[in-house]
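One file, coords_6.cif, is given below (mmCIF, C-alpha atoms and all ligand atoms).
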data_my_file
loop_
_atom_site.label_atom_id
_atom_site.label_comp_id
_atom_site.auth_asym_id
_atom_site.auth_seq_id
_atom_site.Cartn_x
_atom_site.Cartn_y
_atom_site.Cartn_z
CA MET A 270 14.51 -22.18 -20.78
CA SER A 271 16.27 -19.28 -19.08
CA ARG A 272 15.84 -18.49 -15.43
CA GLN A 273 14.05 -15.30 -16.41
CA GLN A 274 11.51 -17.19 -18.54
CA ASP A 275 11.04 -19.64 -15.66
CA ARG A 276 10.33 -16.74 -13.35
CA ASP A 277 7.92 -15.17 -15.87
CA ASN A 278 5.98 -18.44 -16.04
CA GLU A 279 6.07 -18.86 -12.29
CA ALA A 280 4.77 -15.31 -11.77
CA ARG A 281 1.81 -15.97 -14.04
CA ALA A 282 1.19 -19.25 -12.20
CA ILE A 283 1.19 -17.39 -8.86
CA LEU A 284 -1.42 -14.92 -10.08
CA THR A 285 -3.66 -17.62 -11.48
CA GLY A 286 -3.04 -19.85 -8.43
CA ASN A 287 -4.01 -17.04 -6.03
CA ASP A 288 -7.10 -16.23 -8.14
CA ARG A 289 -10.25 -17.06 -6.19
CA GLY A 290 -12.65 -16.11 -9.01
CA GLY A 291 -12.79 -12.38 -9.80
CA TYR A 292 -10.36 -11.50 -7.04
CA THR A 293 -6.86 -12.54 -6.00
CA VAL A 294 -5.60 -13.28 -2.48
CA PRO A 295 -2.21 -11.72 -1.56
CA THR A 296 -0.84 -15.17 -0.66
CA ASP A 297 -2.38 -18.48 0.21
CA GLY A 298 -2.77 -19.05 3.97
CA LEU A 299 -1.50 -15.86 5.62
CA TYR A 300 -3.87 -13.49 3.73
CA PRO A 301 -6.90 -15.44 2.45
CA TYR A 302 -9.14 -12.51 1.33
CA GLN A 303 -9.10 -9.61 -1.13
CA TRP A 304 -6.86 -6.78 0.07
CA ASN A 305 -7.34 -3.35 -1.44
CA TRP A 306 -3.95 -2.21 -2.71
CA ASP A 307 -2.71 -5.77 -3.29
CA SER A 308 -5.64 -6.17 -5.62
CA ALA A 309 -4.70 -3.11 -7.69
CA PHE A 310 -1.19 -4.54 -8.12
CA ALA A 311 -2.73 -7.91 -9.01
CA ALA A 312 -4.80 -6.23 -11.73
CA PHE A 313 -1.64 -4.65 -13.11
CA GLY A 314 0.06 -8.08 -13.17
CA PHE A 315 -2.92 -9.69 -14.93
CA SER A 316 -2.96 -6.91 -17.50
CA THR A 317 0.35 -8.23 -18.86
CA PHE A 318 -1.31 -11.44 -20.05
CA ASP A 319 -5.10 -11.31 -19.48
CA VAL A 320 -6.49 -7.79 -19.60
CA SER A 321 -10.09 -8.82 -19.14
CA ARG A 322 -9.16 -10.55 -15.87
CA ALA A 323 -7.38 -7.33 -14.82
CA TRP A 324 -10.61 -5.34 -15.18
CA ASP A 325 -12.53 -8.01 -13.25
CA GLU A 326 -10.12 -7.62 -10.32
CA VAL A 327 -10.74 -3.90 -9.88
CA GLU A 328 -14.46 -4.21 -10.52
CA THR A 329 -14.70 -6.83 -7.76
CA LEU A 330 -12.80 -4.47 -5.45
CA PHE A 331 -15.28 -1.68 -6.12
CA SER A 332 -18.23 -4.01 -5.55
CA GLY A 333 -17.30 -3.67 -1.86
CA GLN A 334 -17.45 0.15 -1.85
CA TRP A 335 -19.47 1.64 1.02
CA SER A 336 -22.25 4.18 0.48
CA ASN A 337 -19.98 6.91 1.94
CA GLY A 338 -17.40 6.21 -0.81
CA MET A 339 -14.90 4.28 1.31
CA VAL A 340 -13.34 1.20 -0.31
CA PRO A 341 -12.39 -1.21 2.49
CA HIS A 342 -8.90 -2.54 3.05
CA ILE A 343 -10.16 -6.13 3.16
CA LEU A 344 -13.18 -7.74 1.51
CA PHE A 345 -14.12 -11.00 3.22
CA HIS A 346 -15.75 -12.68 0.25
CA LYS A 347 -15.80 -16.18 1.74
CA PRO A 348 -15.29 -17.03 5.44
CA ASP A 349 -11.81 -18.34 6.33
CA PRO A 350 -11.05 -19.30 9.92
CA GLY A 351 -7.29 -19.08 9.20
CA TYR A 352 -7.33 -15.25 9.46
CA PHE A 353 -7.76 -12.96 12.45
CA PRO A 354 -9.43 -10.42 12.80
CA GLY A 355 -12.21 -11.63 10.51
CA PRO A 356 -15.63 -10.14 9.64
CA ASP A 357 -17.16 -10.98 13.01
CA VAL A 358 -14.53 -8.83 14.79
CA TRP A 359 -14.91 -5.86 12.42
CA GLY A 360 -18.71 -5.94 12.50
CA CYS A 361 -19.20 -3.85 9.35
CA ASP A 362 -22.27 -3.80 7.16
CA GLY A 363 -21.12 -2.69 3.69
CA PRO A 364 -22.31 -4.49 0.54
CA ILE A 365 -19.71 -7.24 1.15
CA PRO A 366 -18.44 -8.22 4.63
CA SER A 367 -15.33 -6.08 5.11
CA SER A 368 -12.95 -4.23 7.36
CA GLY A 369 -13.93 -0.68 8.38
CA ILE A 370 -10.81 1.18 7.20
CA SER A 371 -9.23 1.77 3.80
CA GLN A 372 -5.76 1.40 2.27
CA PRO A 373 -3.46 3.45 -0.01
CA PRO A 374 -5.48 4.33 -3.13
CA VAL A 375 -3.14 3.07 -5.85
CA ALA A 376 -6.14 1.76 -7.82
CA ALA A 377 -6.68 4.85 -10.01
CA SER A 378 -3.04 4.81 -11.13
CA PHE A 379 -3.08 1.13 -12.06
CA ILE A 380 -6.49 1.45 -13.71
CA ARG A 381 -5.04 4.20 -15.89
CA ARG A 382 -2.17 1.92 -16.90
CA ILE A 383 -4.54 -0.93 -17.67
CA TRP A 384 -6.74 1.36 -19.74
CA GLU A 385 -3.67 2.56 -21.66
CA THR A 386 -2.99 -1.03 -22.71
CA ASP A 387 -6.65 -1.63 -23.54
CA ARG A 388 -8.26 1.54 -24.87
CA ALA A 389 -10.69 -0.38 -27.06
CA THR A 390 -12.74 -2.10 -24.36
CA GLY A 391 -11.33 0.05 -21.54
CA HIS A 392 -13.43 3.12 -22.32
CA ALA A 393 -16.71 1.55 -21.21
CA ARG A 394 -15.07 0.12 -18.06
CA LEU A 395 -13.69 3.57 -17.26
CA GLN A 396 -17.09 5.17 -17.52
CA ALA A 397 -18.31 2.97 -14.70
CA LEU A 398 -15.15 3.16 -12.60
CA VAL A 399 -14.25 6.87 -12.70
CA PRO A 400 -17.26 8.04 -10.62
CA LYS A 401 -16.51 5.31 -8.05
CA LEU A 402 -12.87 6.34 -7.85
CA ALA A 403 -13.96 9.96 -7.41
CA ASP A 404 -16.31 9.00 -4.56
CA TRP A 405 -13.48 7.14 -2.84
CA HIS A 406 -10.97 9.95 -3.28
CA ARG A 407 -13.57 12.44 -1.97
CA TRP A 408 -13.95 10.26 1.13
CA PHE A 409 -10.19 10.61 1.76
CA MET A 410 -10.33 14.38 1.22
CA ASP A 411 -13.32 14.71 3.59
CA TRP A 412 -12.33 12.29 6.34
CA ARG A 413 -8.59 11.71 6.24
CA THR A 414 -6.91 15.08 5.68
CA ASP A 415 -5.54 17.23 8.48
CA ASP A 416 -5.48 21.02 8.87
CA GLN A 417 -2.39 21.15 6.64
CA ASP A 418 -3.99 19.02 3.91
CA ALA A 419 -1.78 15.96 4.31
CA VAL A 420 -3.56 12.58 4.21
CA CYS A 421 -3.74 10.78 7.55
CA VAL A 422 -4.26 7.25 8.76
CA THR A 423 -6.45 6.44 11.74
CA HIS A 424 -5.20 2.85 12.04
CA PRO A 425 -1.67 1.67 11.16
CA TRP A 426 -3.18 -0.97 8.87
CA GLU A 427 -4.71 1.80 6.78
CA SER A 428 -1.23 2.94 5.68
CA GLY A 429 -0.33 -0.53 4.35
CA ARG A 430 2.88 -0.26 6.43
CA ASP A 431 1.48 -1.91 9.51
CA ASN A 432 4.28 -1.69 12.07
CA ALA A 433 6.42 1.14 10.64
CA PRO A 434 8.17 3.22 13.32
CA ASP A 435 6.13 6.19 11.99
CA TRP A 436 3.22 5.20 14.25
CA ASP A 437 5.22 4.30 17.37
CA GLY A 438 4.67 7.65 19.11
CA ALA A 439 0.94 7.72 18.44
CA MET A 440 0.56 4.02 19.28
CA SER A 441 2.32 4.40 22.64
CA ALA A 442 -0.27 7.00 23.66
CA ILE A 443 -2.99 4.32 23.39
CA ASP A 444 -3.76 2.23 26.45
CA PRO A 445 -5.23 -0.98 25.05
CA ASP A 446 -7.07 -1.63 28.28
CA GLY A 447 -9.95 -4.08 27.95
CA VAL A 448 -8.86 -5.47 24.59
CA GLY A 449 -9.44 -9.00 25.97
CA ASP A 450 -8.04 -12.30 24.79
CA TYR A 451 -7.67 -13.10 21.14
CA GLN A 452 -5.67 -15.52 19.07
CA ARG A 453 -3.39 -14.21 16.35
CA ARG A 454 -3.34 -16.37 13.22
CA ASP A 455 -0.40 -14.76 11.46
CA LEU A 456 2.12 -16.45 13.74
CA GLY A 457 0.95 -19.85 12.52
CA HIS A 458 2.20 -18.88 9.05
CA VAL A 459 5.31 -16.73 9.62
CA ASP A 460 8.12 -16.57 12.22
CA ALA A 461 7.20 -14.12 15.03
CA ALA A 462 10.53 -12.27 14.59
CA MET A 463 9.35 -11.16 11.13
CA ARG A 464 5.94 -9.89 12.29
CA PRO A 465 4.53 -7.07 14.47
CA THR A 466 4.88 -7.47 18.24
CA LYS A 467 2.10 -8.26 20.75
CA GLU A 468 2.20 -4.63 22.01
CA ASP A 469 1.38 -3.48 18.49
CA TYR A 470 -1.27 -6.13 17.97
CA ASP A 471 -3.15 -5.25 21.17
CA ARG A 472 -3.47 -1.68 19.91
CA TYR A 473 -4.48 -2.78 16.39
CA ILE A 474 -7.32 -4.81 17.86
CA TRP A 475 -8.24 -2.10 20.39
CA LEU A 476 -8.66 0.38 17.51
CA VAL A 477 -10.87 -2.09 15.62
CA GLN A 478 -13.03 -2.60 18.72
CA ARG A 479 -13.40 1.18 19.10
CA GLY A 480 -14.48 1.63 15.46
CA ARG A 481 -17.02 -1.11 15.83
CA ARG A 482 -18.38 0.41 19.03
CA LEU A 483 -18.89 3.69 17.13
CA GLY A 484 -20.62 1.89 14.24
CA TRP A 485 -17.77 2.87 11.86
CA ASP A 486 -19.41 6.29 11.68
CA GLU A 487 -16.70 8.70 10.48
CA ALA A 488 -18.19 11.73 12.23
CA ALA A 489 -18.31 9.88 15.54
CA MET A 490 -14.81 8.45 15.08
CA ALA A 491 -13.39 11.90 14.28
CA ARG A 492 -14.19 13.10 17.81
CA ASP A 493 -11.44 12.43 20.38
CA VAL A 494 -9.51 10.49 17.80
CA PRO A 495 -6.93 8.21 19.47
CA LEU A 496 -4.61 7.92 16.44
CA LYS A 497 -4.29 10.22 13.46
CA VAL A 498 -0.96 10.41 11.67
CA ALA A 499 -0.24 12.33 8.47
CA ASP A 500 1.38 9.74 6.28
CA PRO A 501 3.73 10.13 3.29
CA THR A 502 2.38 6.87 1.77
CA MET A 503 -1.19 8.10 1.68
CA THR A 504 -0.38 11.68 0.77
CA PHE A 505 1.87 10.92 -2.20
CA ILE A 506 -0.23 8.01 -3.45
CA LEU A 507 -3.50 9.99 -3.34
CA LEU A 508 -1.82 12.96 -4.99
CA ARG A 509 -0.65 10.76 -7.83
CA ALA A 510 -3.96 8.92 -7.98
CA ASN A 511 -5.78 12.25 -8.39
CA ARG A 512 -3.53 13.22 -11.29
CA ASP A 513 -4.31 9.87 -12.95
CA LEU A 514 -8.01 10.17 -12.15
CA ARG A 515 -7.99 13.61 -13.75
CA ALA A 516 -6.64 12.17 -17.02
CA MET A 517 -9.31 9.47 -17.02
CA ALA A 518 -12.10 11.94 -16.19
CA GLU A 519 -11.01 14.03 -19.17
CA GLU A 520 -11.07 10.95 -21.36
CA ILE A 521 -14.70 10.27 -20.54
CA GLY A 522 -15.66 13.94 -20.78
CA GLN A 523 -16.24 14.64 -17.08
CA SER A 524 -15.48 17.87 -15.29
CA THR A 525 -12.08 17.95 -13.58
CA SER A 526 -12.50 21.06 -11.43
CA GLU A 527 -13.12 19.18 -8.17
CA ILE A 528 -10.08 16.97 -8.82
CA ASP A 529 -7.95 20.02 -9.62
CA ALA A 530 -8.84 21.47 -6.22
CA TRP A 531 -7.87 18.18 -4.53
CA ILE A 532 -4.51 18.22 -6.31
CA ARG A 533 -3.78 21.76 -5.12
CA ARG A 534 -4.67 20.86 -1.53
CA LEU A 535 -2.54 17.73 -1.57
CA GLU A 536 0.45 19.54 -3.05
CA ALA A 537 0.33 21.78 0.01
CA GLY A 538 -0.16 18.75 2.25
CA ALA A 539 2.84 16.97 0.70
CA ALA A 540 5.03 20.04 1.26
CA SER A 541 3.97 20.08 4.91
CA LEU A 542 5.62 16.68 5.44
CA TRP A 543 9.11 17.94 4.63
CA HIS A 544 11.41 17.44 7.63
CA GLU A 545 14.43 19.66 7.35
CA SER A 546 16.98 17.88 9.52
CA SER A 547 16.12 14.44 8.07
CA ALA A 548 16.19 15.92 4.55
CA ALA A 549 13.14 13.81 3.72
CA PHE A 550 9.35 13.74 3.87
CA THR A 551 8.29 12.09 7.12
CA ALA A 552 5.12 11.31 9.06
CA ARG A 553 3.53 13.87 11.39
CA ASP A 554 1.30 13.18 14.38
CA ALA A 555 -1.86 15.12 13.54
CA VAL A 556 -3.09 14.93 17.14
CA ASP A 557 -0.10 16.45 18.96
CA GLY A 558 1.55 18.09 15.91
CA GLY A 559 4.94 16.41 16.45
CA GLN A 560 6.82 15.37 13.33
CA GLU A 561 8.80 12.12 13.23
CA ASP A 562 12.37 12.09 11.99
CA ASP A 563 11.99 8.49 10.77
CA VAL A 564 12.88 8.11 7.10
CA SER A 565 11.09 5.21 5.43
CA ASN A 566 10.66 3.88 1.91
CA ALA A 567 7.39 5.85 1.80
CA SER A 568 9.47 9.03 2.14
CA PHE A 569 10.73 8.30 -1.39
CA LEU A 570 7.26 8.20 -2.94
CA CYS A 571 7.59 12.00 -3.33
CA TRP A 572 8.61 11.61 -6.98
CA TYR A 573 5.76 9.17 -7.62
CA GLY A 574 3.48 11.90 -6.23
CA GLY A 575 4.73 14.18 -9.00
CA LEU A 576 7.04 16.38 -6.91
CA ALA A 577 10.46 17.32 -8.28
CA ALA A 578 11.90 17.21 -4.73
CA PRO A 579 15.60 17.31 -5.72
CA GLU A 580 16.48 17.90 -2.05
CA ALA A 581 15.42 14.33 -1.17
CA LEU A 582 17.83 12.70 -3.64
CA ALA A 583 20.89 12.90 -1.38
CA THR A 584 19.01 11.09 1.40
CA TYR A 585 17.88 8.44 -1.08
CA ASP A 586 21.47 7.98 -2.24
CA ARG A 587 22.83 7.75 1.30
CA ILE A 588 20.32 5.07 2.29
CA SER A 589 20.79 3.14 -0.96
CA GLU A 590 24.53 3.00 -0.33
CA GLU A 591 24.06 1.61 3.16
CA VAL A 592 22.26 -1.55 2.01
CA THR A 593 22.84 -4.19 -0.65
CA TYR A 594 19.21 -4.31 -1.76
CA GLY A 595 17.31 -1.04 -1.50
CA VAL A 596 14.96 0.49 -0.66
CA PRO A 597 14.82 -0.50 3.02
CA SER A 598 11.50 0.27 4.71
CA TYR A 599 13.37 2.14 7.42
CA ASP A 600 16.64 4.07 7.57
CA PRO A 601 19.46 1.63 8.53
CA HIS A 602 20.88 4.44 10.70
CA GLY A 603 17.58 4.92 12.54
CA PRO A 604 17.28 3.69 16.14
CA ASP A 605 14.48 1.24 15.30
CA PHE A 606 16.03 -0.46 12.26
CA ASN A 607 15.43 -4.21 12.16
CA PRO A 608 16.27 -5.89 8.82
CA ARG A 609 13.83 -8.77 9.41
CA ARG A 610 10.77 -7.22 11.00
CA TYR A 611 8.20 -6.36 8.37
CA TRP A 612 8.02 -2.56 7.85
CA ARG A 613 10.91 -1.72 10.19
CA GLY A 614 13.74 -2.46 7.75
CA PRO A 615 12.99 -5.07 5.06
CA THR A 616 12.84 -4.20 1.37
CA TRP A 617 9.43 -4.52 -0.29
CA PRO A 618 9.58 -5.09 -4.08
CA MET A 619 6.13 -3.58 -4.73
CA LEU A 620 7.08 -0.31 -3.09
CA ASN A 621 10.30 -0.31 -5.10
CA MET A 622 8.27 -0.30 -8.28
CA LEU A 623 6.38 2.83 -7.21
CA ILE A 624 9.58 4.56 -6.12
CA ALA A 625 11.32 3.70 -9.40
CA THR A 626 8.33 4.89 -11.42
CA GLY A 627 8.58 8.27 -9.71
CA LEU A 628 12.36 8.46 -10.09
CA ALA A 629 12.12 7.77 -13.82
CA GLU A 630 9.35 10.32 -14.31
CA GLN A 631 11.35 13.01 -12.53
CA GLY A 632 14.37 12.46 -14.78
CA HIS A 633 16.43 10.09 -12.63
CA ALA A 634 16.52 7.17 -15.05
CA ASP A 635 19.83 5.81 -13.71
CA ARG A 636 18.56 5.47 -10.18
CA ALA A 637 15.28 3.98 -11.43
CA GLU A 638 17.12 1.40 -13.49
CA ALA A 639 19.50 0.50 -10.65
CA LEU A 640 16.51 -0.11 -8.39
CA ARG A 641 14.80 -2.24 -11.02
CA GLU A 642 17.93 -4.32 -11.45
CA SER A 643 18.48 -4.94 -7.75
CA THR A 644 14.81 -5.84 -7.25
CA ALA A 645 14.96 -8.19 -10.23
CA LYS A 646 18.06 -9.86 -8.78
CA LEU A 647 16.34 -10.50 -5.45
CA ILE A 648 13.34 -12.07 -7.13
CA ALA A 649 15.35 -13.99 -9.74
CA GLU A 650 17.56 -15.51 -7.04
CA HIS A 651 15.00 -16.22 -4.34
CA GLY A 652 11.49 -16.14 -5.79
CA PHE A 653 8.33 -14.17 -5.12
CA TRP A 654 8.56 -13.51 -1.39
CA GLU A 655 6.68 -10.83 0.50
CA TYR A 656 9.80 -8.90 1.61
CA PHE A 657 13.59 -9.28 1.87
CA ASN A 658 16.42 -8.46 4.26
CA PRO A 659 18.02 -5.36 2.69
CA LEU A 660 21.50 -6.24 3.97
CA ASP A 661 21.89 -9.76 2.60
CA GLY A 662 18.74 -10.44 0.55
CA THR A 663 17.37 -13.20 2.79
CA PRO A 664 13.71 -13.71 1.80
CA ALA A 665 11.04 -13.31 4.49
CA GLY A 666 7.31 -13.31 5.24
CA GLY A 667 4.86 -15.07 2.92
CA LYS A 668 5.86 -17.02 -0.21
CA ARG A 669 4.37 -16.91 -3.67
CA PHE A 670 3.14 -13.39 -3.10
CA THR A 671 0.74 -11.88 -5.62
CA TRP A 672 2.10 -8.33 -5.75
CA THR A 673 5.69 -9.50 -5.99
CA ALA A 674 4.68 -11.64 -8.98
CA ALA A 675 2.69 -8.74 -10.46
CA ILE A 676 5.51 -6.21 -10.33
CA TRP A 677 7.90 -8.81 -11.75
CA LEU A 678 5.68 -9.20 -14.81
CA GLY A 679 4.93 -5.51 -15.26
CA TRP A 680 8.23 -3.94 -14.25
CA ALA A 681 11.15 -5.95 -12.80
CA SER A 682 11.49 -8.82 -15.28
CA PRO A 683 13.79 -8.15 -18.23
CA SER A 684 10.84 -9.11 -20.42
CA ALA A 685 8.81 -6.18 -19.02
CA ARG A 686 11.21 -3.61 -20.47
CA LYS A 687 9.68 -1.62 -23.29
CA ASP A 688 12.88 -0.12 -24.76
C1 LIG B 701 0.11 -6.57 5.36
C2 LIG B 701 0.80 -5.39 4.67
C3 LIG B 701 -0.20 -4.67 3.80
C4 LIG B 701 -0.82 -5.65 2.83
C5 LIG B 701 -1.37 -6.91 3.52
C6 LIG B 701 -1.71 -8.00 2.53
O1 LIG B 701 -0.90 -6.15 6.22
O2 LIG B 701 1.37 -4.53 5.60
O3 LIG B 701 0.40 -3.60 3.13
O4 LIG B 701 -1.82 -5.04 2.10
O5 LIG B 701 -0.40 -7.43 4.39
O6 LIG B 701 -0.62 -8.31 1.71
#
Written as structure tokens, how would this file's structure read?
Ligand code: GLC
Amino acid sequence: MSRQQDRDNEARAILTGNDRGGYTVPTDGLYPYQWNWDSAFAAFGFSTFDVSRAWDEVETLFSGQWSNGMVPHILFHKPDPGYFPGPDVWGCDGPIPSSGISQPPVAASFIRRIWETDRATGHARLQALVPKLADWHRWFMDWRTDDQDAVCVTHPWESGRDNAPDWDGAMSAIDPDGVGDYQRRDLGHVDAAMRPTKEDYDRYIWLVQRGRRLGWDEAAMARDVPLKVADPTMTFILLRANRDLRAMAEEIGQSTSEIDAWIRRLEAGAASLWHESSAAFTARDAVDGGQEDDVSNASFLCWYGGLAAPEALATYDRISEEVTYGVPSYDPHGPDFNPRRYWRGPTWPMLNMLIATGLAEQGHADRAEALRESTAKLIAEHGFWEYFNPLDGTPAGGKRFTWTAAIWLGWASPSARKD
């Protein structure tokens, strides 16, 4: 059997091994619950060999949706003392114990892809899911946009890029006074040099404690907000998700006028993130108005969001040439580049898939294919790790990672190619 077939089999074994019955954990140990955007990738991976299981994954995710439309970033289905902060720290009372913040809404886009592979039984599933997706997207439009219509995060974890330099300015304005003692669990699983620092963690927990104190009431939390950053990840992903939601709403005969208005607003919001001297889309502090010059891998989701953005290509090419395995999560020329530390430099295969999807759709098939090949090489040589050093390919973080396995099956593996 070839190495590629071995990896295909291993990827399927990772998905089924991380399956906890209707939902999939990102990796055993480090992340023992259902995470929002991980789960949408997992569904996509399952759809390559078990489409019914793919639908179950997203339906379980939406079973945790709050009455205000928010779909939490973590659903704590079964208690697990190996993770901190757990349900007791968050203190939320949704239908399933959960965190009180959300995560990038990739679900609509993956649901559309799953439906396209399964139109026969997919139609009925869509009828139930489309209104739920619309409620969630409306929650983002109501509670997470700024005055320029970009989508913001109110906790770094909401972005899915926990310790990216994009939040450093806003995080340093927080005094985590009174956060108290707590015990991190992540450092029992992964080397501290590959994880966020204690300074970051104190502020993560402080923000959770504040949300809990305010009963996770969005109106109350929106007053005197300590952290609100307009984020390329959220803005481009929600823009794309709305375009996909629109197609699905049409399919089931629902009106698309509200979604059309969201798309127009987000196109303006996306344009507002353009940073001239960086020649890229970057984060903006929505509290003090300052825009970061940090270029990240999320900057290159512009094409995935449906923008032509030819002016960002030269920056993409420069950064790709500076590393062996793109796309690094932070510009190697930036002052905060660290090739090992999580979202401050390492390459994340799942984000590469989104970037390559956008590149291909905007007519840059060569760049998309080069990115697929280099991602495939990393995974073929090392396995299904969480992230990789972009300079030499050293694997890092958690092993046997669900979304790395999922994007291998659906995109990176030679067997995933349709042509
Ligand atoms: C980390 C990542 C986040 C992911 C989670 C589970 O918090 O930053 O994007 O969803 O782990 O894999």
Kindly provide, as a VMD selection string, all nucleotide and amino acid residues lying within 9 Å of ligand LIG 701 (chain B), counting only C-alpha atoms and all ligand atoms. chain A and resid 294 to 296 299 to 300 302 to 308 342 to 343 372 to 373 425 to 432 611 to 612 655 667 670 to 672
Have a look at A:Asp418, A:Thr285, A:Ile383, A:Arg276 and name the one nearest to Ala309 in chain A; count all atoms listed in the file.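 For Ala309 in chain A, the nearest of the given residues is A:Ile383.
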Hey, what's within 9 Å of His392 in chain A if we count only C-alpha atoms and toss same-chain stuff fewer than 5 positions away? As a list in words, please? Trp384, Asp387, Glu520 and Ile521 of chain A
For CA of Thr317 in chain A and CA of Thr293 in chain A, quote the distance in Å rounded to one decimal.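 Computing it gives 15.4 Å between the two atoms.
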Each side padded by 5 Å, which centre and which edge lengths in Å (one decimal) define the axis-aligned box around the listed atoms of range 474-480 of chain A? Give them as AutoDock Vina command-line options.
--center_x -10.9 --center_y -1.6 --center_z 17.9 --size_x 17.2 --size_y 16.4 --size_z 14.9
Residues of range 370-438 of chain A at most 9 Å from range 561-568 of chain A: nearest atom pair and distance in Å, all atoms listed in the file, as CSV:
residue,atom,partner,partner_atom,distance
A:Arg430,CA,A:Ala567,CA,8.9
A:Ala433,CA,A:Ser565,CA,8.1
A:Pro434,CA,A:Asp563,CA,7.0
A:Asp435,CA,A:Asp563,CA,6.4
A:Trp436,CA,A:Glu561,CA,8.9
A:Gly438,CA,A:Glu561,CA,8.5
If we count only C-alpha atoms, what is near Ser271 in chain A at a cut-off of 12 Å, once residues fewer than 3 positions away on the same chain are taken out, given as a PyMOL selection string? chain A and resi 274-278+649+683-684
Filtering to C-alpha atoms, could you give me those residues as a short mmCIF file (atom, residue, chain, number, x, y, z; two decimals), keeping the file's coordinate frame?
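Dumped to again.cif:
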data_model
loop_
_atom_site.label_atom_id
_atom_site.label_comp_id
_atom_site.auth_asym_id
_atom_site.auth_seq_id
_atom_site.Cartn_x
_atom_site.Cartn_y
_atom_site.Cartn_z
CA GLN A 274 11.51 -17.19 -18.54
CA ASP A 275 11.04 -19.64 -15.66
CA ARG A 276 10.33 -16.74 -13.35
CA ASP A 277 7.92 -15.17 -15.87
CA ASN A 278 5.98 -18.44 -16.04
CA ALA A 649 15.35 -13.99 -9.74
CA PRO A 683 13.79 -8.15 -18.23
CA SER A 684 10.84 -9.11 -20.42
#
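Atom pair CA of Ala577 in chain A / CA of Arg613 in chain A has a distance of 26.5 Å (rounded to one decimal).
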Looking at A:Asn658, A:Thr390, A:Ser378, A:Gln396, which one is nearest to Leu514 in chain A, with distances taken over all atoms listed in the file?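 Of all the options, A:Ser378 lies closest to Leu514 in chain A.
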Output range 279-291 of chain A with N, CA and C atoms present, as a PDB file, in the frame of the given file.
ATOM      1  N   GLU A 279       6.450 -18.654 -13.685  1.00  0.00           N
ATOM      2  CA  GLU A 279       6.070 -18.860 -12.290  1.00  0.00           C
ATOM      3  C   GLU A 279       5.199 -17.694 -11.793  1.00  0.00           C
ATOM      4  N   ALA A 280       5.560 -16.483 -12.202  1.00  0.00           N
ATOM      5  CA  ALA A 280       4.770 -15.310 -11.770  1.00  0.00           C
ATOM      6  C   ALA A 280       3.338 -15.425 -12.265  1.00  0.00           C
ATOM      7  N   ARG A 281       3.182 -15.813 -13.518  1.00  0.00           N
ATOM      8  CA  ARG A 281       1.810 -15.970 -14.040  1.00  0.00           C
ATOM      9  C   ARG A 281       1.080 -17.081 -13.274  1.00  0.00           C
ATOM     10  N   ALA A 282       1.809 -18.148 -12.943  1.00  0.00           N
ATOM     11  CA  ALA A 282       1.190 -19.250 -12.200  1.00  0.00           C
ATOM     12  C   ALA A 282       0.792 -18.810 -10.789  1.00  0.00           C
ATOM     13  N   ILE A 283       1.558 -17.894 -10.193  1.00  0.00           N
ATOM     14  CA  ILE A 283       1.190 -17.390  -8.860  1.00  0.00           C
ATOM     15  C   ILE A 283      -0.101 -16.588  -8.947  1.00  0.00           C
ATOM     16  N   LEU A 284      -0.183 -15.711  -9.942  1.00  0.00           N
ATOM     17  CA  LEU A 284      -1.420 -14.920 -10.080  1.00  0.00           C
ATOM     18  C   LEU A 284      -2.621 -15.831 -10.316  1.00  0.00           C
ATOM     19  N   THR A 285      -2.485 -16.773 -11.211  1.00  0.00           N
ATOM     20  CA  THR A 285      -3.660 -17.620 -11.480  1.00  0.00           C
ATOM     21  C   THR A 285      -3.929 -18.563 -10.302  1.00  0.00           C
ATOM     22  N   GLY A 286      -2.861 -18.975  -9.610  1.00  0.00           N
ATOM     23  CA  GLY A 286      -3.040 -19.850  -8.430  1.00  0.00           C
ATOM     24  C   GLY A 286      -3.675 -19.114  -7.257  1.00  0.00           C
ATOM     25  N   ASN A 287      -3.416 -17.819  -7.134  1.00  0.00           N
ATOM     26  CA  ASN A 287      -4.010 -17.040  -6.030  1.00  0.00           C
ATOM     27  C   ASN A 287      -5.363 -16.431  -6.423  1.00  0.00           C
ATOM     28  N   ASP A 288      -5.794 -16.707  -7.647  1.00  0.00           N
ATOM     29  CA  ASP A 288      -7.100 -16.230  -8.140  1.00  0.00           C
ATOM     30  C   ASP A 288      -8.207 -17.058  -7.469  1.00  0.00           C
ATOM     31  N   ARG A 289      -9.135 -16.348  -6.831  1.00  0.00           N
ATOM     32  CA  ARG A 289     -10.250 -17.060  -6.190  1.00  0.00           C
ATOM     33  C   ARG A 289     -11.559 -16.834  -6.957  1.00  0.00           C
ATOM     34  N   GLY A 290     -11.460 -16.343  -8.183  1.00  0.00           N
ATOM     35  CA  GLY A 290     -12.650 -16.110  -9.010  1.00  0.00           C
ATOM     36  C   GLY A 290     -13.064 -14.657  -8.938  1.00  0.00           C
ATOM     37  N   GLY A 291     -12.453 -13.811  -9.788  1.00  0.00           N
ATOM     38  CA  GLY A 291     -12.790 -12.380  -9.800  1.00  0.00           C
ATOM     39  C   GLY A 291     -11.971 -11.555  -8.831  1.00  0.00           C
TER      40      GLY A 291
END
